[in-house]
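J.: Compact mmCIF, C-alpha atoms, file start.txt:
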```txt
# COMPACT_ATOMS: atom_id res chain seq x y z
CA MET P 104 -9.60 14.80 -5.67
CA PRO P 105 -7.77 13.62 -8.85
CA VAL P 106 -6.64 16.36 -11.25
CA ALA P 107 -7.42 16.16 -14.98
CA VAL P 108 -4.47 17.05 -17.26
CA ARG P 109 -5.08 17.13 -21.05
CA GLY P 110 -7.84 14.55 -20.82
CA TYR P 111 -5.93 12.26 -18.42
CA THR P 112 -7.02 11.91 -14.81
CA LEU P 113 -4.25 11.26 -12.32
CA PRO P 114 -5.02 8.35 -9.99
CA ASP P 115 -5.56 8.91 -6.29
CA PHE P 116 -2.31 6.98 -5.73
CA THR P 117 0.40 5.12 -7.65
CA LEU P 118 2.18 1.86 -6.86
CA SER P 119 5.59 0.78 -8.16
CA VAL P 120 8.02 -2.03 -7.33
CA SER P 121 11.82 -1.67 -7.38
CA PRO P 122 13.90 -3.57 -8.25
CA SER P 123 11.59 -5.10 -10.84
CA SER P 124 13.72 -8.23 -11.15
CA ILE P 125 15.00 -10.23 -8.17
CA THR P 126 16.94 -13.50 -7.97
CA THR P 127 17.55 -16.06 -5.25
CA ARG P 128 18.26 -19.73 -4.78
CA GLN P 129 15.88 -22.40 -3.61
CA GLY P 130 15.70 -22.02 0.15
CA GLY P 131 16.96 -18.45 -0.05
CA THR P 132 15.36 -15.03 0.34
CA ALA P 133 14.71 -12.23 -2.15
CA GLY P 134 13.43 -8.75 -1.41
CA THR P 135 12.00 -5.75 -3.26
CA VAL P 136 10.39 -2.46 -2.19
CA ALA P 137 6.92 -1.17 -3.05
CA THR P 138 6.55 2.62 -3.30
CA ILE P 139 3.03 3.95 -2.75
CA ARG P 140 2.58 7.66 -3.46
CA SER P 141 -0.60 9.68 -2.80
CA TYR P 142 -1.98 12.23 -5.26
CA SER P 143 -5.20 12.75 -3.33
CA ASP P 144 -6.45 15.57 -1.12
CA TYR P 145 -7.72 13.13 1.49
CA GLU P 146 -6.50 10.16 3.49
CA ILE P 147 -6.43 6.79 1.66
CA ILE P 148 -6.06 3.32 3.18
CA VAL P 149 -4.62 0.80 0.70
CA ASP P 150 -4.56 -3.00 1.11
CA LEU P 151 -1.62 -4.73 -0.60
CA ASN P 152 -1.89 -8.24 -2.06
CA LEU P 153 0.62 -10.40 -3.95
CA VAL P 154 -0.63 -12.34 -7.01
CA GLY P 155 1.23 -15.07 -8.91
CA LEU P 156 3.33 -16.48 -6.06
CA PRO P 157 4.84 -19.81 -7.27
CA SER P 158 4.25 -23.09 -5.50
CA ARG P 159 6.10 -23.91 -2.30
CA ALA P 160 7.04 -20.26 -1.83
CA GLY P 161 6.12 -17.91 0.97
CA PHE P 162 6.26 -14.16 1.43
CA SER P 163 6.03 -11.43 4.07
CA LEU P 164 4.60 -7.96 3.48
CA PRO P 165 3.07 -5.22 5.70
CA ASN P 166 -0.17 -5.26 3.77
CA VAL P 167 -1.95 -2.10 4.99
CA VAL P 168 -0.79 1.39 4.00
CA ASP P 169 -2.31 4.56 5.48
CA LEU P 170 -1.57 7.45 3.11
CA MET P 171 -1.93 11.06 4.15
CA PRO P 172 -2.60 13.63 1.37
CA GLY P 173 0.48 14.02 -0.84
CA SER P 174 2.59 11.56 1.19
CA THR P 175 4.77 8.62 0.11
CA ALA P 176 5.07 5.25 1.85
CA TYR P 177 7.45 2.33 1.35
CA ARG P 178 6.86 -1.35 2.10
CA THR P 179 9.46 -4.13 1.84
CA LEU P 180 8.31 -7.44 0.32
CA PHE P 181 10.31 -10.60 1.11
CA ILE P 182 9.86 -13.86 -0.85
CA TYR P 183 11.06 -17.25 0.41
CA PRO P 184 11.14 -19.78 -2.48
CA GLY P 185 11.79 -22.89 -0.37
CA SER P 186 11.69 -25.88 -2.74
CA THR P 187 9.99 -23.88 -5.49
CA PRO P 188 10.84 -25.21 -8.97
CA THR P 189 13.61 -23.27 -10.65
CA GLY P 190 12.71 -20.73 -13.30
CA SER P 191 11.40 -17.20 -13.73
CA TYR P 192 7.99 -16.09 -12.47
CA GLN P 193 6.07 -12.90 -13.07
CA LEU P 194 4.38 -11.64 -9.91
CA THR P 195 1.90 -8.82 -9.49
CA LEU P 196 1.60 -6.56 -6.45
CA VAL P 197 -1.89 -5.07 -6.26
CA GLY P 198 -2.99 -2.08 -4.18
CA MET P 199 -6.71 -1.99 -3.38
CA PRO P 200 -8.04 1.29 -1.89
CA ARG P 201 -10.75 1.03 0.73
CA SER P 202 -12.35 4.33 -0.30
CA TYR P 203 -15.26 4.24 -2.76
CA GLY P 204 -14.50 5.57 -6.23
CA SER P 205 -10.71 5.09 -6.08
CA ALA P 206 -9.18 2.71 -8.65
CA SER P 207 -6.80 -0.09 -7.71
CA GLN P 208 -3.17 0.08 -8.86
CA GLN P 209 -0.62 -2.65 -9.62
CA ASP P 210 2.92 -3.28 -10.74
CA TYR P 211 4.78 -6.34 -12.02
CA PHE P 212 8.15 -7.81 -11.16
CA THR P 213 10.09 -10.95 -11.99
CA LEU P 214 11.32 -13.56 -9.51
CA THR P 215 14.07 -15.92 -10.74
CA VAL P 216 14.71 -19.05 -8.66
CA SER P 217 18.01 -20.86 -9.23
CA PRO P 218 18.95 -24.34 -7.97
CA SER P 219 20.18 -24.78 -4.46
CA SER P 220 23.75 -26.07 -4.03
CA SER P 221 25.57 -27.71 -1.19
CA PRO P 222 28.24 -25.41 0.16
CA PRO P 223 31.80 -26.75 0.05
CA THR P 224 33.55 -27.72 3.25
CA PRO P 225 35.09 -24.49 4.43
CA ASN P 226 38.80 -24.05 4.93
CA PRO P 227 39.39 -23.72 8.70
CA ASN P 228 40.97 -20.35 8.02
CA ALA P 229 38.51 -19.29 5.34
CA ASN P 230 36.74 -16.06 6.21
CA PHE P 231 35.48 -12.83 4.75
CA ASP P 232 35.59 -9.11 5.44
CA PHE P 233 32.28 -7.28 5.64
CA TRP P 234 31.69 -3.54 5.70
CA VAL P 235 29.36 -0.70 4.78
CA ILE P 236 30.83 1.76 2.27
CA SER P 237 29.43 4.75 4.20
CA ASN P 238 29.01 4.64 7.96
CA SER P 239 26.90 7.80 8.17
CA ILE P 240 24.02 9.04 6.01
CA TYR P 241 21.45 11.86 6.16
CA ILE P 242 18.08 11.43 4.43
CA VAL P 243 15.21 13.91 4.32
CA ALA P 244 11.76 12.46 5.10
CA GLY P 245 9.96 11.48 1.91
CA SER P 246 13.16 10.60 0.02
CA SER P 247 15.69 7.79 -0.25
CA ASP P 248 19.38 7.03 -0.67
CA THR P 249 21.59 3.98 -1.14
CA VAL P 250 24.53 2.35 0.60
CA LYS P 251 26.74 -0.55 -0.47
CA LEU P 252 27.50 -3.67 1.55
CA ASN P 253 30.79 -5.25 0.55
CA VAL P 254 32.01 -8.81 1.13
CA SER P 255 35.65 -9.67 0.43
CA PRO P 256 36.51 -13.38 0.89
CA PHE P 257 40.00 -14.63 1.77
CA ASN P 258 41.78 -17.92 2.56
CA GLY P 259 39.56 -19.82 0.13
CA PHE P 260 36.21 -18.68 1.46
CA SER P 261 33.58 -19.31 -1.23
CA SER P 262 30.31 -19.74 0.63
CA GLY P 263 27.26 -17.59 0.04
CA VAL P 264 26.79 -14.73 2.52
CA SER P 265 23.25 -13.96 3.68
CA LEU P 266 22.51 -10.34 4.49
CA SER P 267 20.18 -8.88 7.12
CA ALA P 268 19.61 -5.68 9.07
CA SER P 269 18.38 -4.73 12.54
CA GLY P 270 17.61 -1.46 14.32
CA VAL P 271 15.66 -0.03 11.37
CA PRO P 272 13.56 2.84 12.81
CA GLU P 273 9.84 3.34 12.27
CA GLY P 274 8.98 4.84 8.91
CA VAL P 275 12.19 3.55 7.27
CA TYR P 276 12.16 0.65 4.81
CA LEU P 277 15.09 -1.16 3.18
CA GLY P 278 15.20 -2.37 -0.40
CA TRP P 279 17.84 -4.97 -1.24
CA SER P 280 19.43 -5.60 -4.64
CA THR P 281 20.04 -9.06 -3.19
CA MET P 282 19.96 -10.58 0.27
CA ARG P 283 22.57 -13.23 -0.51
CA LEU P 284 25.99 -12.59 -2.02
CA ASP P 285 27.82 -15.23 -4.05
CA THR P 286 31.52 -15.17 -3.15
CA SER P 287 32.60 -18.03 -5.39
CA ASN P 288 34.09 -15.47 -7.78
CA GLY P 289 35.56 -13.28 -5.02
CA PHE P 290 34.56 -9.75 -3.99
CA ALA P 291 30.79 -9.11 -4.02
CA THR P 292 28.58 -6.08 -3.40
CA ALA P 293 24.93 -5.58 -2.48
CA ILE P 294 23.10 -2.25 -2.81
CA VAL P 295 20.64 -1.34 -0.07
CA THR P 296 18.09 1.39 -0.79
CA ILE P 297 16.98 3.24 2.33
CA ASN P 298 13.45 4.62 1.84
CA VAL P 299 12.06 7.11 4.38
CA ASP P 300 8.33 7.81 4.66
CA GLN P 301 7.32 11.45 4.35
CA SER P 302 5.62 11.14 7.74
CA ALA P 303 8.76 9.80 9.46
CA PRO P 304 9.80 12.06 12.38
CA PRO P 305 13.32 13.52 12.56
CA SER P 306 15.54 11.00 14.34
CA ASP P 307 19.03 9.59 14.75
CA SER P 308 19.47 5.83 14.78
CA VAL P 309 22.03 3.09 14.16
CA ILE P 310 21.27 0.29 11.71
CA THR P 311 23.31 -2.88 12.14
CA PHE P 312 23.99 -4.90 8.96
CA THR P 313 24.96 -8.54 9.29
CA GLY P 314 26.68 -10.85 6.82
CA GLN P 315 26.52 -14.56 7.67
CA GLY P 316 27.71 -17.64 5.79
CA GLY P 317 30.15 -20.51 5.84
CA GLY P 318 30.03 -20.60 9.61
CA ARG P 319 31.19 -16.98 9.82
CA MET P 320 29.29 -13.86 10.83
CA HIS P 321 30.34 -10.21 10.69
CA THR P 322 28.52 -6.93 11.32
CA ASP P 323 28.94 -3.27 10.51
CA THR P 324 26.85 -0.25 11.44
CA LEU P 325 25.33 2.71 9.67
CA SER P 326 24.39 5.92 11.49
CA LEU P 327 21.15 7.18 9.94
CA SER P 328 19.86 10.70 10.47
CA VAL P 329 16.35 11.44 9.24
CA GLY P 330 15.73 15.12 8.58
CA PRO P 331 12.43 16.99 8.37
CA VAL P 332 10.67 17.65 5.07
CA PRO P 333 12.07 20.96 3.76
CA THR P 334 9.70 23.88 4.13
CA ALA P 335 8.68 25.93 1.10
CA PHE P 336 9.46 29.08 3.09
CA ASP P 337 10.47 30.11 6.62
CA LEU P 338 8.89 32.71 8.92
CA SER P 339 10.99 34.58 11.48
CA LEU P 340 10.54 37.58 13.78
CA THR P 341 12.98 40.21 15.00
CA SER P 342 12.14 39.04 18.54
CA THR P 343 10.35 36.06 20.04
CA SER P 344 9.34 38.11 23.10
CA VAL P 345 7.71 41.53 22.71
CA SER P 346 6.70 43.91 25.53
CA VAL P 347 3.91 46.49 25.37
CA ALA P 348 2.05 48.55 27.98
CA ALA P 349 -1.72 48.19 28.28
CA GLY P 350 -3.41 50.87 26.21
CA SER P 351 -0.49 51.27 23.80
CA SER P 352 0.94 49.55 20.72
CA VAL P 353 4.15 47.92 19.50
CA GLU P 354 5.58 47.11 16.07
CA PHE P 355 8.13 44.53 14.92
CA THR P 356 9.30 42.94 11.66
CA LEU P 357 8.29 39.59 10.15
CA ALA P 358 10.66 38.05 7.60
CA VAL P 359 9.50 35.54 4.94
CA THR P 360 12.43 33.62 3.41
CA SER P 361 11.91 31.38 0.37
CA ASN P 362 13.33 27.84 0.19
CA SER P 363 11.62 27.22 -3.14
CA ASP P 364 12.87 27.23 -6.73
CA SER P 365 9.94 29.36 -7.89
CA THR P 366 8.43 32.73 -6.99
CA MET P 367 5.42 32.50 -4.69
CA ASP P 368 2.85 34.75 -3.02
CA VAL P 369 2.60 34.28 0.76
CA SER P 370 -0.50 35.48 2.60
CA LEU P 371 0.05 36.50 6.22
CA SER P 372 -2.51 36.38 9.01
CA GLN P 373 -2.91 36.34 12.78
CA GLY P 374 -2.67 32.81 14.15
CA VAL P 375 -3.79 33.32 17.78
CA SER P 376 -6.09 36.11 19.04
CA TRP P 377 -6.84 37.43 22.53
CA GLU P 378 -9.59 39.70 23.74
CA GLY P 379 -8.45 43.28 24.18
CA MET P 380 -5.77 43.07 21.47
CA ASN P 381 -5.72 43.89 17.77
CA MET P 382 -3.03 42.68 15.36
CA THR P 383 -2.44 44.15 11.92
CA ILE P 384 0.05 42.89 9.34
CA SER P 385 1.20 45.21 6.58
CA PRO P 386 1.50 44.17 3.86
CA ALA P 387 -0.77 41.17 4.41
CA GLN P 388 0.70 39.45 1.33
CA VAL P 389 4.29 39.38 0.10
CA THR P 390 5.86 38.01 -3.07
CA VAL P 391 9.06 36.07 -2.49
CA SER P 392 11.57 35.20 -5.20
CA PRO P 393 13.61 31.96 -5.01
CA GLY P 394 16.10 32.19 -2.15
CA ALA P 395 15.06 35.77 -1.32
CA THR P 396 13.49 37.35 1.78
CA ALA P 397 10.47 39.67 1.96
CA TYR P 398 9.43 41.70 4.99
CA SER P 399 6.17 42.76 6.62
CA THR P 400 5.38 44.85 9.71
CA VAL P 401 3.36 43.35 12.55
CA ALA P 402 1.60 45.89 14.81
CA ILE P 403 -0.27 44.99 18.00
CA THR P 404 -2.51 47.46 19.84
CA THR P 405 -3.76 46.65 23.35
CA ASP P 406 -6.79 48.07 25.13
CA ALA P 407 -6.23 50.08 28.31
CA GLY P 408 -8.08 47.35 30.21
CA THR P 409 -5.95 44.46 28.93
CA PRO P 410 -4.81 42.50 32.01
CA PRO P 411 -1.03 42.50 32.47
CA ASP P 412 0.22 39.00 31.60
CA THR P 413 2.28 37.00 29.10
CA TYR P 414 0.26 35.94 26.05
CA GLY P 415 1.18 33.30 23.48
CA MET P 416 0.78 34.71 19.96
CA SER P 417 1.50 33.50 16.43
CA VAL P 418 1.55 34.63 12.82
CA ALA P 419 0.62 32.26 9.97
CA GLY P 420 1.90 32.31 6.40
CA THR P 421 0.21 30.47 3.52
CA GLY P 422 1.78 30.02 0.10
CA GLY P 423 2.49 27.34 -2.49
CA GLY P 424 -0.11 25.07 -0.88
CA ASN P 425 1.71 25.16 2.47
CA THR P 426 0.89 26.89 5.77
CA TYR P 427 3.50 27.53 8.46
CA THR P 428 3.38 29.49 11.71
CA VAL P 429 5.88 31.35 13.87
CA GLN P 430 5.17 31.79 17.57
CA PHE P 431 6.12 34.56 19.97
CA GLU P 432 5.09 35.86 23.38
CA LEU P 433 3.54 39.24 24.07
CA VAL P 434 4.28 40.62 27.53
CA VAL P 435 1.61 43.16 28.51
CA THR P 436 2.72 45.48 31.30
CA PRO P 437 0.46 47.80 33.35
CA GLN P 438 -0.56 51.11 31.78
CA PRO P 439 2.05 53.78 32.67
CA ASP P 440 0.94 55.59 35.80
CA PHE P 441 2.10 56.65 39.27
CA ASP P 442 0.81 57.06 42.79
CA ILE P 443 1.75 59.55 45.49
CA SER P 444 1.84 59.20 49.29
CA VAL P 445 3.10 61.03 52.38
CA VAL P 446 4.81 59.24 55.25
CA SER P 447 2.29 60.60 57.80
CA ASN P 448 -1.13 61.87 56.81
CA SER P 449 -2.15 63.51 60.11
CA ILE P 450 -0.07 65.83 62.33
CA GLN P 451 -0.58 68.42 65.09
CA LEU P 452 1.57 71.55 65.14
CA THR P 453 1.77 74.64 67.37
CA ARG P 454 2.01 78.12 65.96
CA GLY P 455 5.66 78.81 65.07
CA ASP P 456 6.47 75.08 64.50
CA THR P 457 8.19 73.57 61.47
CA TRP P 458 7.71 69.94 60.38
CA ASN P 459 9.34 67.77 57.67
CA ALA P 460 8.04 64.59 56.01
CA ASP P 461 8.83 62.46 52.95
CA VAL P 462 6.48 62.49 49.97
CA SER P 463 6.96 59.41 47.75
CA VAL P 464 6.06 58.97 44.07
CA ASN P 465 5.93 55.37 42.84
CA PRO P 466 5.97 54.69 39.05
CA ILE P 467 3.66 51.99 37.63
CA GLY P 468 4.44 50.12 34.43
CA GLN P 469 6.72 51.88 31.96
CA PHE P 470 6.12 55.32 33.44
CA SER P 471 8.75 57.85 32.32
CA SER P 472 7.39 61.39 32.83
CA ASN P 473 8.60 64.06 35.24
CA ILE P 474 6.28 64.94 38.13
CA SER P 475 5.84 68.43 39.61
CA LEU P 476 4.71 68.63 43.26
CA THR P 477 2.29 71.25 44.59
CA ALA P 478 0.17 71.82 47.72
CA SER P 479 -3.30 73.35 48.10
CA GLY P 480 -5.83 73.94 50.88
CA ASN P 481 -3.36 75.51 53.32
CA PRO P 482 -4.56 78.61 55.23
CA ASP P 483 -2.82 82.00 55.47
CA GLY P 484 0.31 81.71 57.58
CA MET P 485 0.92 78.02 56.72
CA LYS P 486 3.60 77.45 54.11
CA LEU P 487 4.49 74.16 52.40
CA GLU P 488 7.72 73.76 50.39
CA PHE P 489 8.99 70.69 48.46
CA SER P 490 12.64 69.80 48.04
CA PRO P 491 12.99 68.94 45.24
CA ALA P 492 9.79 70.30 43.72
CA GLN P 493 10.08 68.00 40.69
CA LEU P 494 10.77 64.24 40.53
CA ALA P 495 11.75 61.88 37.70
CA PRO P 496 10.83 58.43 39.08
CA ALA P 497 11.27 56.41 35.86
CA GLN P 498 13.92 54.20 37.48
CA GLY P 499 12.11 53.63 40.78
CA VAL P 500 10.44 55.39 43.72
CA GLY P 501 11.11 59.13 43.85
CA THR P 502 11.14 60.97 47.20
CA SER P 503 10.80 64.66 48.03
CA THR P 504 10.83 66.33 51.46
CA VAL P 505 7.85 68.56 52.24
CA THR P 506 8.47 71.22 54.90
CA VAL P 507 5.43 72.61 56.72
CA THR P 508 5.99 75.96 58.46
CA ILE P 509 3.34 77.39 60.82
CA ASP P 510 3.46 81.20 61.18
CA PRO P 511 2.54 82.63 64.64
CA THR P 512 -0.41 84.35 62.97
CA THR P 513 -1.86 81.14 61.50
CA PRO P 514 -5.44 80.66 62.69
CA THR P 515 -5.91 77.66 64.92
CA GLY P 516 -7.97 74.77 63.61
CA GLU P 517 -7.76 71.58 61.55
CA TYR P 518 -6.86 71.83 57.86
CA THR P 519 -6.84 69.22 55.06
CA ILE P 520 -3.93 69.91 52.73
CA THR P 521 -3.88 68.28 49.27
CA LEU P 522 -0.45 67.23 47.94
CA THR P 523 -0.57 66.78 44.15
CA GLY P 524 1.84 65.34 41.58
CA THR P 525 1.28 66.42 37.94
CA THR P 526 3.01 65.35 34.70
CA PRO P 527 3.58 67.70 31.74
CA GLU P 528 0.88 65.69 29.94
CA GLY P 529 -1.64 66.61 32.64
CA GLN P 530 -1.76 63.25 34.41
CA ALA P 531 -2.26 63.96 38.15
CA HIS P 532 -2.65 62.09 41.44
CA SER P 533 -3.01 63.41 45.01
CA CYS P 534 -2.84 62.47 48.65
CA THR P 535 -3.97 64.44 51.73
CA LEU P 536 -2.25 65.69 54.87
CA THR P 537 -4.36 66.74 57.84
CA VAL P 538 -2.71 69.49 59.93
CA ALA P 539 -4.17 70.53 63.32
CA VAL P 540 -2.85 73.99 64.40
CA THR P 541 -2.95 74.83 68.08
CA SER P 542 -2.01 78.00 69.95
CA GLN P 543 0.48 76.23 72.18
```
For this file, produce the structure as structure tokens.
T.:
Amino acid sequence: MPVAVRGYTLPDFTLSVSPSSITTRQGGTAGTVATIRSYSDYEIIVDLNLVGLPSRAGFSLPNVVDLMPGSTAYRTLFIYPGSTPTGSYQLTLVGMPRSYGSASQQDYFTLTVSPSSSPPTPNPNANFDFWVISNSIYIVAGSSDTVKLNVSPFNGFSSGVSLSASGVPEGVYLGWSTMRLDTSNGFATAIVTINVDQSAPPSDSVITFTGQGGGRMHTDTLSLSVGPVPTAFDLSLTSTSVSVAAGSSVEFTLAVTSNSDSTMDVSLSQGVSWEGMNMTISPAQVTVSPGATAYSTVAITTDAGTPPDTYGMSVAGTGGGNTYTVQFELVVTPQPDFDISVVSNSIQLTRGDTWNADVSVNPIGQFSSNISLTASGNPDGMKLEFSPAQLAPAQGVGTSTVTVTIDPTTPTGEYTITLTGTTPEGQAHSCTLTVAVTSQ
């Protein structure tokens, strides 16, 4: 909505024409650029109309402008006087909003039409040089810049040179100080204003300018790079990929860097949420001085039941009327654990026998504890020994050899032996070995 300042209410949009005075000959072409700038919080569609066009003159104008909140648009107006009587005319460009309650806006400019003249018979060797002062230019969306087109006649060339352009990308509009250069007095220059809509996407393009007159035509090119609208501040993370085990938490740093000329408060919040995860940001608001960087800590805690996967996450920052996000991925790995197994879980031994088998411990997730191996359930006369008796399987599967020794006095029968692995933290898993003892 419009903002009241000291009793004055800003309009929803403004309209201005530049240059405000243009000149051409009968049968020629003149151009000017309309700048339409939004001051509204909502989208506005504006219809453009030209009032005061003199007789026997025509014009071309993209007459519908769709303005996003706070954006700026440019439209080039061309006038073709034809056989219009010579003289100066005041024209009015009117912008009529389609939305109810918005006032129309207008601006005035002057068109001067001079007499047409028959060009002299050109010298067979008469010609002109034509070039753009700068062959490369960078313009940020929502702003403008100028280039010069130069014409330098030689060998008696004195014809007028008409100017045109092709390859102008979407969202870019050209404003001409003149579209016809008079070379009767020698060297001549035209100034071209390149206006870029705020909504124009970043792009690289080549605009071809053409000068044509006296039976001669020359071209030169301009490389145009359109850059994005500068951000008020940037968000960055120490890493764009963070790993955490299910049931645990991870912390990393968020940096807020100001691109503004004034100090601003930036509120930070979670942009994307997933079930089974909790994100906290501390502090949740930072104050950033011009050109400085402030830091906050992002902590994510996952539930033990969070499925292992890669999750897209983001953090949002809001300040100075702008909201930006930074994205990262959270890689959830299985909860640290292990399992234990024996190569054979059922054997038959005779009194006095000895038997060896491998016991394997397999880590799961980011498991890093040591594991002590023990046996239980064995009868008198049956001894089980592990070598080694402790494993550290953090880097992969750990293996120990269990030796089962049957004493001649061991009672015959079938026994279920429990092989157990236990961490210092008390985490334990077991597997069983069935041993049948016979007399012979």
J.: Near P:Thr453, within 12 Å and counting all atoms listed in the file, which residues show up once chain neighbours fewer than 3 positions away are dropped, as a PyMOL selection string?
T.: chain P and resi 450+456-458+485+507-517+538-543
J.: I want to know what sits within 9 Å of P:Pro437, based on only C-alpha atoms, with residues of the same chain fewer than 6 positions away left out; could you give that as a ChimeraX atom specification?
T.: /P:347-350,407,409-412,467-469
J.: Once you have the residues from the selection above, write them out as a PDB file, keeping the file's coordinate frame, restricted to C-alpha atoms.
T.:
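Saved as out-v1.pdb:
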```pdb
ATOM      1  CA  VAL P 347       3.910  46.490  25.370  1.00  0.00           C
ATOM      2  CA  ALA P 348       2.050  48.550  27.980  1.00  0.00           C
ATOM      3  CA  ALA P 349      -1.720  48.190  28.280  1.00  0.00           C
ATOM      4  CA  GLY P 350      -3.410  50.870  26.210  1.00  0.00           C
ATOM      5  CA  ALA P 407      -6.230  50.080  28.310  1.00  0.00           C
ATOM      6  CA  THR P 409      -5.950  44.460  28.930  1.00  0.00           C
ATOM      7  CA  PRO P 410      -4.810  42.500  32.010  1.00  0.00           C
ATOM      8  CA  PRO P 411      -1.030  42.500  32.470  1.00  0.00           C
ATOM      9  CA  ASP P 412       0.220  39.000  31.600  1.00  0.00           C
ATOM     10  CA  ILE P 467       3.660  51.990  37.630  1.00  0.00           C
ATOM     11  CA  GLY P 468       4.440  50.120  34.430  1.00  0.00           C
ATOM     12  CA  GLN P 469       6.720  51.880  31.960  1.00  0.00           C
TER      13      GLN P 469
END
```
J.: For P:Gly317, which residue out of P:Pro527, P:Pro218, P:Pro227, P:Gly499 is the nearest one, using all atoms listed in the file?
T.: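 Counting all atoms listed in the file, the residue closest to P:Gly317 is P:Pro227.
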J.: With distances taken over all atoms listed in the file, which residue among P:Ile384, P:Val271, P:Ala492, P:Leu536 lies nearest P:Ser447?
T.: P:Leu536
J.: Could you jot down the atom CA of P:Val120 to atom CA of P:Asp169 separation for me, Å, one decimal place?
T.: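 These two atoms are separated by 17.7 Å.
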J.: Neighbouring residues of stretch 181-187 of chain P were defined as those with any atom within 9 Å, considering all atoms listed in the file; residues of the same chain fewer than 6 positions away were excluded. Please report them as a ChimeraX atom specification.
T.: /P:127-136,156-164,214,216,219
